Amino acid sequence: MLFNLHSLVFELSKSHQSLSRTKELHALVTKASLLRDPFYATKLVRLYSLNNDLYSARNLFDKTPQRSVFLWNSIIRAYAQNHNFNDAKSLFQNMLRTQIKPDNFTYACVIRACSENFDFDGLRLVHGGVIVSSLGMDSITSSALISAYSNLSLVDEAIKVFNGVSDPDLVLCNSMISGFEYCGFWDKSLQLFNRMLRLGKNPDGYTLVGLISGIREPKLFSIGQGVHGFCLKSGFDSNDHVGSVLVSMYARCKCMNSAYGVFISLFQPDLVTWSALITGYSQQGNYEKALYFFRKLIMEGKKADPVLVASVLVAAAQSANVRSGTVIHGYVIQSGFELSVMVSSALIDMYSKCGFIDLGFRVFATMSERNIITYNSIILGLGLHGFAYQAFKMFQEIIEKGLKADESTFAALLCACCHGGLVNSGREIFRRMTEEFCIQPSTEHYIYMMKLLGMAGNLEEAYSFILSLSKPVDSAVWGALLSCCEIYGNSELADIVAQQLFTNDPRKGAYRVMLSNIYAGDGRWDDVKELRNDMVDGGIRKVPGVSWIAGRINIA
DNA sequence: TTAGGGTTAG
């Protein structure tokens with residue numbers, strides 16, 4: 001035998017064995033007649049699972065007659081981690097029929113699987129099983145329950161679990177802090193953090209990531225700075241996860257100088273941190289900087305991944321920079337990322353936003369796998385370029401393939417109707433969205449409806465549409481109607497719409513300028529004067545609009 | 001004489 005028992009166990013315990021090495025070890029274990037021992041089977045199941053070879057993992061599991069709780073947990077986890085939730089659940093049900101009782105780790109794994117699968121009923125059932133098994137106070141199951149309930153936005157249930165544990169440990173506190181953050185209660189997150197400090201519990205990287213992730217508005221900037229100060233004092237700023245989340249936090253607070261400050265203070269920022277910086281610039285509209293840092297990353301010899309490439313393609317699309325977009329496309333091909341549905345969908349979007357729907361369609365046509373995001377990208381692109389008929393054909397394809405149309409699908413279809421002037425189709429697609437697909441319309445859908453009806457001259461219908469809604473709409477919806485009033489020179493309706501806008505957004509100059517133009521078109525010069533004087537007196541200014549055209553380049 | 005595992009970032 002090549003190995004003695006000790007070295008075999010040592011080799012099996014390494015979690016980074018390749019698939020071929022795992023197979024070799026499997027052969028050695030078989031040769032030594034050790035396969036019946038659940039210890040060895042567990043180790044091998046784990047290694048196969050880490051190498052995404054579920055088939056071999058399951059085969060091994062099925063052939064092992066003596067199944068310990070460890071072996072059961074390994075195989076359930078293998079399926080759950082591969083997002084094979086139904087199989088994980090049915091394995092768990094099989095386990096319940098055996099003599100082996102699930103333990104806290106089994107429950108933790110199944111709880112997580114239910115949460116990731118949005119299986120509310122399953123989660124409640126498993127929670128019941130936890131209580132029946134007297135594991136309701138256990139830290140392992142409780143932390144999994146807190147995360148699961150929070151991820152399903154059931155924060156009250158998460159709090160109940162947390163309060164049910166008399167002496168919560170660090171992980172339990174971290175789960176609750178992250179749970180509050182996920183559900184939007186950054187203040188509760190901070191309160192719990194302070195309570196931890198008062199009780200003398202030392203936070204770790206997880207605690208700070210949970211806490212900082214909740215700080216995502218410019219008004220919370222000073223709180224973010226305070227937490228950043230804590231990280232510096234306690235040395236957590238060198239933690240990769242904390243560093244990247246600090247960069248994101250400052251970016252979301254619209255302070256890119258601070259985000260960059262954190263970034264350059266890191267000894268070796270990892271890919272996620274680079275990505276946080278680049279996405280930050282992109283989301284703040286500084287596309288040039290986003291593209292610059294992407295080039296810098298590549299020049300430094302680092303390799304981007306699909307998530308980062310998709311993010312940079314957004315910057316190229318938003319800035320209509322097809323030159324950068326094609327360079328990134330080259331990088332995508334070089335790296336084999338065109339197999340990533342996320343990347344290819346971003347390529348479609350980039351080409352269409354840059355005015356090259358033909359190239360976008362070429363990417364679409366060559367994709368072997370397409371998801372709803374792919375279809376949304378191509379429908380939006382076709383719609384923006386006036387190909388409404390083709391956009392609707394794509395929608396038909398979504399339904400035929402059994403994909404689930406979402407709110408972006410309908411926004412893209414409404415956009416296609418707007419660009420094609422298809423009023424009846426637009427009305428029908430809006431009806432189908434709400435009645436057939438049960439999708440709650442968002443501000444974006446309402447804006448498209450205003451444009452669709454208003455641009456066709458159906459201003460009264462557009463106005464009645466807003467009035468028929470049960471909840472007040474965002475100012476942008478009224479703004480869309482006002483712009484249609486401007487096109488048709490309807491100053492009576494414009495007066496009514498403007499009153500809504502001035503009440504909601506008294507400082508926004510654009511609407512006042514729009515109204516003034518409508519008055520001018522109607523010859524109401526006294527009203528124009530009064531409006532302009534009001535603006536001067538109130539110090540209200542309109543932000544000038546900008547537009548640009550990127551030079552068209554020839555692409556074979 | 002082992003082994004499965006609860007909470008983090010773009």
# chains A, B, ... in the order shown; residues from 1 in each chain; ligands from 1
>>> closest_atom_pairs(of="range 196-259 of chain A", to="range 1-7 of chain B", cutoff="10 Å", atoms="only C-alpha atoms (C1' of nucleotides)", output="Markdown table")
| residue | atom | partner | partner_atom | distance |
| --- | --- | --- | --- | --- |
| A:Tyr206 | CA | B:DT7 | C1' | 6.6 |
| A:Thr207 | CA | B:DT7 | C1' | 8.2 |
| A:Gly210 | CA | B:DT7 | C1' | 9.1 |
>>> write_last_selection(atoms="C-alpha atoms", output="PDB file, in the first residue's frame")
ATOM      1  CA  TYR A 206     -18.444  39.339  10.447  1.00  0.00           C
ATOM      2  CA  THR A 207     -19.901  41.775  12.995  1.00  0.00           C
ATOM      3  CA  GLY A 210     -22.968  43.210   8.949  1.00  0.00           C
TER       4      GLY A 210
END
>>> select_by_dssp(residues="range 140-307 of chain A", states="helix (DSSP H, G or I)", output="ChimeraX atom specification")
/A:140-151,155-163,170-182,186-198,205-213,218-234,236-238,240-252,256-265,271-283,287-299,306-307
>>> residues_around(residues="Ser143 in chain A", least_positions_apart="2", cutoff="8 Å", atoms="only C-alpha atoms (C1' of nucleotides)", output="PDB file with N, CA and C atoms (P, O5', C5', C4', C3', O3' and C1' of nucleotides), in the first residue's frame")
ATOM      1  N   SER A 139     -27.142  27.211  19.644  1.00  0.00           N
ATOM      2  CA  SER A 139     -26.563  28.331  18.900  1.00  0.00           C
ATOM      3  C   SER A 139     -26.482  28.066  17.400  1.00  0.00           C
ATOM      4  N   ILE A 140     -26.108  26.844  17.048  1.00  0.00           N
ATOM      5  CA  ILE A 140     -25.923  26.512  15.626  1.00  0.00           C
ATOM      6  C   ILE A 140     -27.248  26.637  14.874  1.00  0.00           C
ATOM      7  N   THR A 141     -28.281  25.983  15.394  1.00  0.00           N
ATOM      8  CA  THR A 141     -29.569  26.059  14.688  1.00  0.00           C
ATOM      9  C   THR A 141     -30.146  27.468  14.782  1.00  0.00           C
ATOM     10  N   LEU A 145     -31.367  29.876  11.840  1.00  0.00           N
ATOM     11  CA  LEU A 145     -32.763  30.322  11.780  1.00  0.00           C
ATOM     12  C   LEU A 145     -32.854  31.843  11.644  1.00  0.00           C
ATOM     13  N   ILE A 146     -32.018  32.547  12.405  1.00  0.00           N
ATOM     14  CA  ILE A 146     -32.037  34.026  12.349  1.00  0.00           C
ATOM     15  C   ILE A 146     -31.705  34.493  10.937  1.00  0.00           C
ATOM     16  N   SER A 147     -30.658  33.917  10.351  1.00  0.00           N
ATOM     17  CA  SER A 147     -30.280  34.310   8.988  1.00  0.00           C
ATOM     18  C   SER A 147     -31.386  33.973   7.999  1.00  0.00           C
ATOM     19  N   PHE A 162     -33.766  34.979  18.314  1.00  0.00           N
ATOM     20  CA  PHE A 162     -32.622  35.583  19.010  1.00  0.00           C
ATOM     21  C   PHE A 162     -32.933  35.756  20.504  1.00  0.00           C
ATOM     22  N   VAL A 171     -21.433  34.504  17.108  1.00  0.00           N
ATOM     23  CA  VAL A 171     -22.034  34.205  15.794  1.00  0.00           C
ATOM     24  C   VAL A 171     -23.523  34.543  15.793  1.00  0.00           C
ATOM     25  N   LEU A 172     -24.179  34.251  16.911  1.00  0.00           N
ATOM     26  CA  LEU A 172     -25.608  34.543  17.006  1.00  0.00           C
ATOM     27  C   LEU A 172     -25.848  36.055  16.901  1.00  0.00           C
ATOM     28  N   SER A 175     -25.302  37.143  13.345  1.00  0.00           N
ATOM     29  CA  SER A 175     -26.441  36.790  12.487  1.00  0.00           C
ATOM     30  C   SER A 175     -27.552  37.815  12.653  1.00  0.00           C
ATOM     31  N   MET A 176     -27.778  38.219  13.898  1.00  0.00           N
ATOM     32  CA  MET A 176     -28.865  39.180  14.145  1.00  0.00           C
ATOM     33  C   MET A 176     -28.503  40.559  13.595  1.00  0.00           C
TER      34      MET A 176
ATOM     35  P    DG B   6     -22.283  25.796   7.735  1.00  0.00           P
ATOM     36  O5'  DG B   6     -22.825  26.531   9.035  1.00  0.00           O
ATOM     37  C5'  DG B   6     -24.217  26.350   9.380  1.00  0.00           C
ATOM     38  C4'  DG B   6     -24.608  27.341  10.425  1.00  0.00           C
ATOM     39  C3'  DG B   6     -24.193  28.781  10.163  1.00  0.00           C
ATOM     40  O3'  DG B   6     -25.121  29.359   9.268  1.00  0.00           O
ATOM     41  C1'  DG B   6     -24.032  28.201  12.472  1.00  0.00           C
ATOM     42  P    DT B   7     -24.592  30.134   8.019  1.00  0.00           P
ATOM     43  O5'  DT B   7     -24.231  31.553   8.620  1.00  0.00           O
ATOM     44  C5'  DT B   7     -25.259  32.322   9.250  1.00  0.00           C
ATOM     45  C4'  DT B   7     -24.658  33.596   9.797  1.00  0.00           C
ATOM     46  C3'  DT B   7     -23.893  34.399   8.770  1.00  0.00           C
ATOM     47  O3'  DT B   7     -24.795  35.220   8.080  1.00  0.00           O
ATOM     48  C1'  DT B   7     -22.759  34.345  10.876  1.00  0.00           C
TER      49       DT B   7
END
>>> interface_residues(of="chain A", to="chain B", cutoff="6 Å", atoms="only C-alpha atoms (C1' of nucleotides)", output="list of chain:residue names")
A:Phe39, A:Phe70, A:Asn73, A:Ser74, A:Phe105, A:Ile140, A:Ser143, A:Ala144, A:Val171, A:Asn174, A:Ser175, A:Tyr206, A:Val209, A:His241, A:Ser244, A:Val245, A:Val272, A:Ser275, A:Ala276
>>> atom_distance(atom1="CA of Thr279 in chain A", atom2="CA of Ser311 in chain A")
6.2 Å
>>> atom_distance(atom1="CA of Ala476 in chain A", atom2="CA of Ile215 in chain A")
26.0 Å
>>> residues_around(residues="Ser18 in chain A", least_positions_apart="3", cutoff="12 Å", atoms="only C-alpha atoms (C1' of nucleotides)", output="list in words")
Glu11, Leu12, Lys14, Ser15, Arg21, Thr22, Lys23, Glu24, Leu25, Leu44, Arg46, Leu47, Tyr48, Ser49, Leu50, Asn51, Asn52 and Asp53 of chain A
>>> atom_distance(atom1="CA of Phe185 in chain A", atom2="CA of Ala158 in chain A")
12.8 Å
